[in-house]
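Q: Got a structure here, written out as structure tokens. Questions coming.
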Amino acid sequence: MVDYHAANQSYQYGPSSGGNGAGGGGSMGDYMAQEDDWDRDLLLDPAWEKQQRKTFTAWCNSHLRKAGTQIENIDEDFRDGLKLMLLLEVISGERLPKPERGKMRVHKINNVNKALDFIASKGVKLVSIGAEEIVDGNAKMTLGMIWTIILRFAIQDISVEETSAKEGLLLWCQRKTAPYKNVNVQNFHISWKDGLAFNALIHRHRPELIEYDKLRKDDPVTNLNNAFEVAEKYLDIPKMLDAEDIVGTLRPDEKAIMTYVSCFYHAFSGAQKAETAANRICKVLAVNQENEHLMEDYERLASDLLEWIRRTIPWLEDRVPQKTIQEMQQKLEDFRDYRRVHKPPKVQEKCQLEINFNTLQTKLRLSNRPAFMPSEGRMVSDINNCWQHLEQAEKGYEEWLLNEIRRLERLDHLAEKFRQKASIHEAWTDGKEAMLKHRDYETATLSDIKALIRKHEAFESDLAAHQDRVEQIAAIAQELNELDYYDSHNVNTRCQKICDQWDALGSLTHSRREALEKTEKQLETIDQLHLEYAKRAAPFNNWMESAMEDLQDMFIVHTIEEIEGLISAHDQFKSTLPDADREREAILAIHKEAQRIAESNHIKLSGSNPYTTVTPQIINSKWEKVQQLVPKRDHALLDEQSKQQSNEHLRRQFASQANIVGPWIQTKMEEIGRISIEMNGTLEDQLSHLKQYERSIVDYKPNLDLLEQQHQLIQEALIFDNKHTNYTMEHIRVGWEQLLTTIARTINEVENQILTRDAKGISQEQMQEFRASFNHFDKDHGGALGPEEFKACLISLGYDVENDRQKQTGSMDSDDFRALLISTGYSLGDAEFNRIMSVVDPNHSGLVTFQAFIDFMSRETTDTDTADQVIASFKVLAGDKNFITAEELRRELPPDQAEYCIARMAPYQGSDAVPGALDYKSFSTALYGESDL
């Protein structure tokens, strides 16, 4: 049974001159005092006695029927003390001493005394009420005793806003009936005569039972009977009053009205508790549902971003080279589109995802929920790792593209050089094999033989001069093979043909020399002049061919210094032309001298010089060709010099902008770092200042776009280095992305601080004091405290863990805590400090961030919902059972939250379980991370 044991107070009930049914020295006597004594009420107004008899009788029967009995006459049926003792057992839930069953007066007196002693044991001091008066059927004393019981067991525990029982009951009635027209409850007598107050009480709690708008103030009997009948039929409140008696009495009995109204209070107090419990549960579930929605959004966004990264990385890691520069440049353009168009939105998504994750964790901490752990592979650290892999692949891909373009450019240059040298060599070898195989020496004269020998010597000299060209052709072919030139097969085929032909020429040359030397003894004369001409004409001719080859040679440079080096070499070559012209004139003079001698000696020369095919016409023709190629080379070198000067301008233009943007980004990063540790104004002021700062950063974006345009021009010009700046476009991009991310994170931190402050009721002054203490010990301005710094910060704020004074005294300001701390000589204990560190640094990083710091301080200084509170609320809805059913949840909670609980509650496993019983305790603790669902 329920224990109604009260505090150690002594209250007096009974006739006295100082109060209506109450007197003596206790506070109960004060708040139960009436305008007139109850015994005088009975004597002066028989209508009040009649009302009390009916009301008290009905009240006693409402309890006695639980024991299977009732009374008919209140002053007769309690005379033997048996039903009186039974009534006290029912309403108190306790066992009284065993009653005496005898019929004698002494037995009845003893039973009544046991009842009175039990009443006195509950802190009620009875005055002028004795067992003999009750046994003798004294109606006045009996009604006084019953009123005493009603006061103690039905009204005494009613308290609203720490008022007395009567005042609390009256305040409760006033609050419940305040919205209703024509109802103004000011007392427990005439305020209830028209019956509207009774109907308003019922309608407020059970609107489906009363049609209040149809009631009329001028029909009190109908109103009263309607309320009494509904209360008896639907609320199990027996009819304790007569409508006619109330209407017919100038001032209804206050005790009767109070007794009857107290039954309404107790009938509806359970519903009020259930409503309060349901509201608490709804609030907790709403927080959980919102957090789950945020978790689902995070998982979805994280999955989308990771999927994009996983799709992009293989593309960036594709290193399959193309055959031509054009194809590789298209790949480079695709990569630029990726950097300009596709990646920036993903940078924003990544930043927003981190912000959403931090906001969600803050909300979970503020609602006393466990931290959110994303599914495997979707942690912020996992996304950062994947992002780093993406950026590494991105950097490697760009380097590979540029290197591959350089390689293809080098290959094209080498291939063209190979074709030029091969064409020149093939033109030179044309007909050489036939010439070497010709057996003209067999029918030649002696002079012809000597001429053939000299001619062959000249050919050998020419052949030796061409050895270097053949070696160059083979070396270029080998380099093309090593660089994986796409047309290496044709290059190798042509090179092999040239080498094979060269070997054949060497063999034929050796054979012809042997044949000529065999007849050399028969040759005695030779035209030395022609021979001298041939010997000097051949190397000069070869020099001219080499010069023409060099003048037509392709060149590729990347810097102004390289082109200036080529121009300098060309100028040096031009300085040798006067000497070469003199050599040409000397060679031509030999030819003219030979003709002069022949003419002067009437010698008929047979055709051209027998020792060489290099005629004066050929020398003059090639010399003219060299003269024509020199200005063309001048023009080509000057064009390239102009191009390199343009490239240098692009370098300086980019460097000028980069040397402004780079330091600007670095300065802004440092300024954001200073802003995050300074306290200027309220958090809202700081947030407004940060957002203005963010807008100024965003407004700077055109400068970055201009730099991107300049960088694209540099890449299109195939410029690969820049000595005028240490900033690359990659550095600028990364710095810009870090700047945007840092300002967004800083804004999010302030927003989370506002969220924490508002949710936990932290004042602006407290928040500023927290920040000032944190910054004071954050010596390196790194935004985090080490363990010793954190301990010193806690002590500076007066946080007393070992004696737990902060939790006992509620919200004490820091000056009070410091005084208390100094007076006790307190310092944080190692065990308690280790516990605190496990809360603020769960990952054991050795650092405490400001957000973790204020979360901890807000949890330690404010009250929050707990698992025990939610369990208590569910227990109210379950009617004190250790389990709850789906039907009860659907009846007490909104539909979506009821189904939310049903879907997540495990079946109850206790011995008192019934079919469909659900375990609300494990569910409640799981909400706060204390066990698994």
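Letters A, B, ... go to the chains of the structure tokens in the order shown; residues in each chain start at 1; ligands are counted from 1 in the same order.
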So which bits of range 538-605 of chain A end up alpha helix (DSSP H) when you DSSP the backbone, as JSON, numbers by chain?

A: {"A": [538, 539, 540, 541, 542, 543, 544, 545, 546, 547, 548, 549, 550, 551, 560, 561, 562, 563, 564, 565, 566, 567, 568, 569, 570, 571, 572, 573, 574, 575, 577, 578, 579, 580, 581, 582, 583, 584, 585, 586, 587, 588, 589, 590, 591, 592, 593, 594, 595, 596, 597, 598, 599, 600]}

Q: Could you name the residues that touch range 260-274 of chain A at 9 Å or less, counting only C-alpha atoms, but leaving out those on the same chain fewer than 5 positions away, as a ChimeraX atom specification?

A: /A:55-56,59,154-155,158,169,172-173,188,198,201-202,205,231,235-241,255,279,873-874,876-879,892

Q: Applying 9 Å and only C-alpha atoms, which residues near Leu918 in chain A remain after dropping the ones on its own chain fewer than 4 positions away? List them as a PDB file with all heavy atoms, in the first residue's frame.

A:
```pdb
ATOM      1  N   PHE A 883       7.099  -1.990 -17.910  1.00  0.00           N
ATOM      2  CA  PHE A 883       7.048  -2.099 -19.369  1.00  0.00           C
ATOM      3  C   PHE A 883       5.896  -1.237 -19.859  1.00  0.00           C
ATOM      4  O   PHE A 883       5.087  -0.738 -19.067  1.00  0.00           O
ATOM      5  CB  PHE A 883       6.860  -3.551 -19.811  1.00  0.00           C
ATOM      6  CG  PHE A 883       5.598  -4.188 -19.257  1.00  0.00           C
ATOM      7  CD1 PHE A 883       4.364  -4.029 -19.889  1.00  0.00           C
ATOM      8  CD2 PHE A 883       5.642  -4.935 -18.085  1.00  0.00           C
ATOM      9  CE1 PHE A 883       3.220  -4.599 -19.374  1.00  0.00           C
ATOM     10  CE2 PHE A 883       4.500  -5.504 -17.574  1.00  0.00           C
ATOM     11  CZ  PHE A 883       3.271  -5.337 -18.211  1.00  0.00           C
ATOM     12  N   ILE A 884       5.825  -1.067 -21.178  1.00  0.00           N
ATOM     13  CA  ILE A 884       4.744  -0.290 -21.781  1.00  0.00           C
ATOM     14  C   ILE A 884       4.293  -1.008 -23.037  1.00  0.00           C
ATOM     15  O   ILE A 884       5.079  -1.758 -23.661  1.00  0.00           O
ATOM     16  CB  ILE A 884       5.229   1.144 -22.123  1.00  0.00           C
ATOM     17  CG1 ILE A 884       4.033   2.051 -22.407  1.00  0.00           C
ATOM     18  CG2 ILE A 884       6.204   1.151 -23.278  1.00  0.00           C
ATOM     19  CD1 ILE A 884       4.395   3.533 -22.432  1.00  0.00           C
ATOM     20  N   THR A 885       3.045  -0.839 -23.415  1.00  0.00           N
ATOM     21  CA  THR A 885       2.516  -1.532 -24.589  1.00  0.00           C
ATOM     22  C   THR A 885       2.407  -0.556 -25.754  1.00  0.00           C
ATOM     23  O   THR A 885       2.395   0.665 -25.571  1.00  0.00           O
ATOM     24  CB  THR A 885       1.136  -2.133 -24.300  1.00  0.00           C
ATOM     25  OG1 THR A 885       0.211  -1.068 -24.046  1.00  0.00           O
ATOM     26  CG2 THR A 885       1.196  -3.059 -23.088  1.00  0.00           C
ATOM     27  N   ALA A 886       2.295  -1.124 -26.951  1.00  0.00           N
ATOM     28  CA  ALA A 886       2.136  -0.293 -28.154  1.00  0.00           C
ATOM     29  C   ALA A 886       0.847   0.521 -28.078  1.00  0.00           C
ATOM     30  O   ALA A 886       0.797   1.683 -28.503  1.00  0.00           O
ATOM     31  CB  ALA A 886       2.148  -1.170 -29.410  1.00  0.00           C
ATOM     32  N   ILE A 902       7.862   2.418 -30.981  1.00  0.00           N
ATOM     33  CA  ILE A 902       7.483   1.010 -31.166  1.00  0.00           C
ATOM     34  C   ILE A 902       8.506   0.295 -32.041  1.00  0.00           C
ATOM     35  O   ILE A 902       8.878  -0.859 -31.781  1.00  0.00           O
ATOM     36  CB  ILE A 902       6.065   0.934 -31.783  1.00  0.00           C
ATOM     37  CG1 ILE A 902       5.028   1.448 -30.771  1.00  0.00           C
ATOM     38  CG2 ILE A 902       5.736  -0.494 -32.188  1.00  0.00           C
ATOM     39  CD1 ILE A 902       3.657   1.657 -31.362  1.00  0.00           C
ATOM     40  N   MET A 905      11.858  -0.083 -29.712  1.00  0.00           N
ATOM     41  CA  MET A 905      11.869  -0.701 -28.381  1.00  0.00           C
ATOM     42  C   MET A 905      11.967  -2.225 -28.498  1.00  0.00           C
ATOM     43  O   MET A 905      11.239  -2.847 -29.292  1.00  0.00           O
ATOM     44  CB  MET A 905      10.604  -0.319 -27.611  1.00  0.00           C
ATOM     45  CG  MET A 905      10.639   1.084 -27.025  1.00  0.00           C
ATOM     46  SD  MET A 905       9.204   1.402 -25.993  1.00  0.00           S
ATOM     47  CE  MET A 905       9.523   3.097 -25.508  1.00  0.00           C
ATOM     48  N   ALA A 906      12.837  -2.793 -27.663  1.00  0.00           N
ATOM     49  CA  ALA A 906      12.971  -4.247 -27.632  1.00  0.00           C
ATOM     50  C   ALA A 906      11.844  -4.846 -26.782  1.00  0.00           C
ATOM     51  O   ALA A 906      11.281  -4.178 -25.908  1.00  0.00           O
ATOM     52  CB  ALA A 906      14.329  -4.621 -27.060  1.00  0.00           C
ATOM     53  N   PRO A 907      11.486  -6.103 -27.037  1.00  0.00           N
ATOM     54  CA  PRO A 907      10.480  -6.761 -26.183  1.00  0.00           C
ATOM     55  C   PRO A 907      10.965  -6.806 -24.731  1.00  0.00           C
ATOM     56  O   PRO A 907      12.151  -7.011 -24.458  1.00  0.00           O
ATOM     57  CB  PRO A 907      10.374  -8.165 -26.787  1.00  0.00           C
ATOM     58  CG  PRO A 907      10.851  -8.015 -28.188  1.00  0.00           C
ATOM     59  CD  PRO A 907      11.909  -6.970 -28.156  1.00  0.00           C
ATOM     60  N   TYR A 908      10.033  -6.607 -23.810  1.00  0.00           N
ATOM     61  CA  TYR A 908      10.362  -6.637 -22.383  1.00  0.00           C
ATOM     62  C   TYR A 908      10.530  -8.089 -21.939  1.00  0.00           C
ATOM     63  O   TYR A 908       9.690  -8.950 -22.234  1.00  0.00           O
ATOM     64  CB  TYR A 908       9.239  -5.960 -21.601  1.00  0.00           C
ATOM     65  CG  TYR A 908       9.443  -5.994 -20.088  1.00  0.00           C
ATOM     66  CD1 TYR A 908      10.485  -5.290 -19.497  1.00  0.00           C
ATOM     67  CD2 TYR A 908       8.587  -6.732 -19.276  1.00  0.00           C
ATOM     68  CE1 TYR A 908      10.670  -5.314 -18.128  1.00  0.00           C
ATOM     69  CE2 TYR A 908       8.769  -6.758 -17.904  1.00  0.00           C
ATOM     70  CZ  TYR A 908       9.817  -6.053 -17.331  1.00  0.00           C
ATOM     71  OH  TYR A 908       9.995  -6.087 -15.979  1.00  0.00           O
ATOM     72  N   GLN A 909      11.618  -8.390 -21.204  1.00  0.00           N
ATOM     73  CA  GLN A 909      11.952  -9.757 -20.834  1.00  0.00           C
ATOM     74  C   GLN A 909      11.704 -10.068 -19.359  1.00  0.00           C
ATOM     75  O   GLN A 909      12.071 -11.133 -18.880  1.00  0.00           O
ATOM     76  CB  GLN A 909      13.431 -10.029 -21.153  1.00  0.00           C
ATOM     77  CG  GLN A 909      13.825  -9.784 -22.601  1.00  0.00           C
ATOM     78  CD  GLN A 909      13.137 -10.741 -23.553  1.00  0.00           C
ATOM     79  OE1 GLN A 909      12.769 -11.849 -23.165  1.00  0.00           O
ATOM     80  NE2 GLN A 909      12.931 -10.297 -24.789  1.00  0.00           N
ATOM     81  N   ALA A 913       6.151  -9.725 -17.559  1.00  0.00           N
ATOM     82  CA  ALA A 913       5.817  -9.315 -18.915  1.00  0.00           C
ATOM     83  C   ALA A 913       4.473  -9.885 -19.337  1.00  0.00           C
ATOM     84  O   ALA A 913       4.044 -10.947 -18.882  1.00  0.00           O
ATOM     85  CB  ALA A 913       6.898  -9.780 -19.889  1.00  0.00           C
TER      86      ALA A 913
END
```

Q: Which residues of range 661-761 of chain A have any atom within 12 Å of an atom in range 847-854 of chain A when counting only C-alpha atoms, and what is the closest pair of atoms for each, with the distance in Å to one decimal? Order the rows by chain and rising number and write it as CSV.

A:
```
residue,atom,partner,partner_atom,distance
A:Ser676,CA,A:Phe850,CA,10.0
A:Ile677,CA,A:Phe850,CA,9.5
A:Arg745,CA,A:Gln851,CA,11.9
A:Thr746,CA,A:Gln851,CA,11.1
A:Asn748,CA,A:Gln851,CA,10.7
A:Glu749,CA,A:Gln851,CA,7.2
A:Val750,CA,A:Gln851,CA,9.2
A:Glu751,CA,A:Gln851,CA,10.8
A:Asn752,CA,A:Gln851,CA,7.9
A:Gln753,CA,A:Gln851,CA,7.2
A:Ile754,CA,A:Ile854,CA,10.8
A:Leu755,CA,A:Gln851,CA,11.2
A:Thr756,CA,A:Ile854,CA,7.9
A:Arg757,CA,A:Ile854,CA,8.8
A:Lys760,CA,A:Ile854,CA,10.3
```

Q: Would you list the contacts of Phe573 in chain A as a short mmCIF file (atom, residue, chain, number, x, y, z; two decimals) with all heavy atoms, in the first residue's frame, taking every protein, DNA or RNA residue within 10 Å and counting only C-alpha atoms, but skipping same-chain residues closer than 6 positions in sequence?

A:
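Heads up, here's the output in around_7.cif:
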```cif
data_model
loop_
_atom_site.label_atom_id
_atom_site.label_comp_id
_atom_site.auth_asym_id
_atom_site.auth_seq_id
_atom_site.Cartn_x
_atom_site.Cartn_y
_atom_site.Cartn_z
N ALA A 547 76.92 23.77 -93.13
CA ALA A 547 76.41 25.09 -92.78
C ALA A 547 74.95 25.23 -93.18
O ALA A 547 74.12 25.75 -92.42
CB ALA A 547 77.27 26.16 -93.46
N LEU A 551 71.96 25.91 -90.76
CA LEU A 551 71.09 27.07 -90.94
C LEU A 551 69.62 26.68 -91.07
O LEU A 551 68.72 27.47 -90.76
CB LEU A 551 71.53 27.87 -92.16
CG LEU A 551 72.87 28.63 -92.02
CD1 LEU A 551 73.30 29.21 -93.36
CD2 LEU A 551 72.76 29.73 -90.98
N ILE A 567 71.35 32.97 -80.81
CA ILE A 567 71.68 34.17 -81.60
C ILE A 567 73.17 34.46 -81.54
O ILE A 567 73.82 34.81 -82.55
CB ILE A 567 70.85 35.36 -81.10
CG1 ILE A 567 69.36 35.15 -81.42
CG2 ILE A 567 71.34 36.66 -81.71
CD1 ILE A 567 68.45 36.22 -80.83
N VAL A 630 71.37 32.61 -94.45
CA VAL A 630 71.80 33.40 -93.27
C VAL A 630 70.72 34.38 -92.84
O VAL A 630 70.31 34.43 -91.66
CB VAL A 630 73.14 34.09 -93.53
CG1 VAL A 630 73.43 35.12 -92.45
CG2 VAL A 630 74.26 33.05 -93.57
#
```

Q: Please indicate the distance in Å from CA of Phe720 in chain A to CA of Ile660 in chain A, rounded to one decimal place.

A: 20.8 Å

Q: To one decimal in Å, tell me the separation between CA of Lys701 in chain A and CA of Leu739 in chain A.

A: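 About the pair CA of Lys701 in chain A and CA of Leu739 in chain A: they are 11.6 Å apart.
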
Q: Check the smallest atom-to-atom distance from each of A:His413, A:Lys214, A:His389, A:His649 to Ile476 in chain A using only C-alpha atoms, then report the winner.

A: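 Going through A:His413, A:Lys214, A:His389, A:His649 one by one, the smallest distance to Ile476 in chain A is for A:His413.
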
Q: Could you check how far CA of Ile257 in chain A sits from CA of Tyr180 in chain A, in Å to one decimal?

A: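 A separation of 19.8 Å between them.
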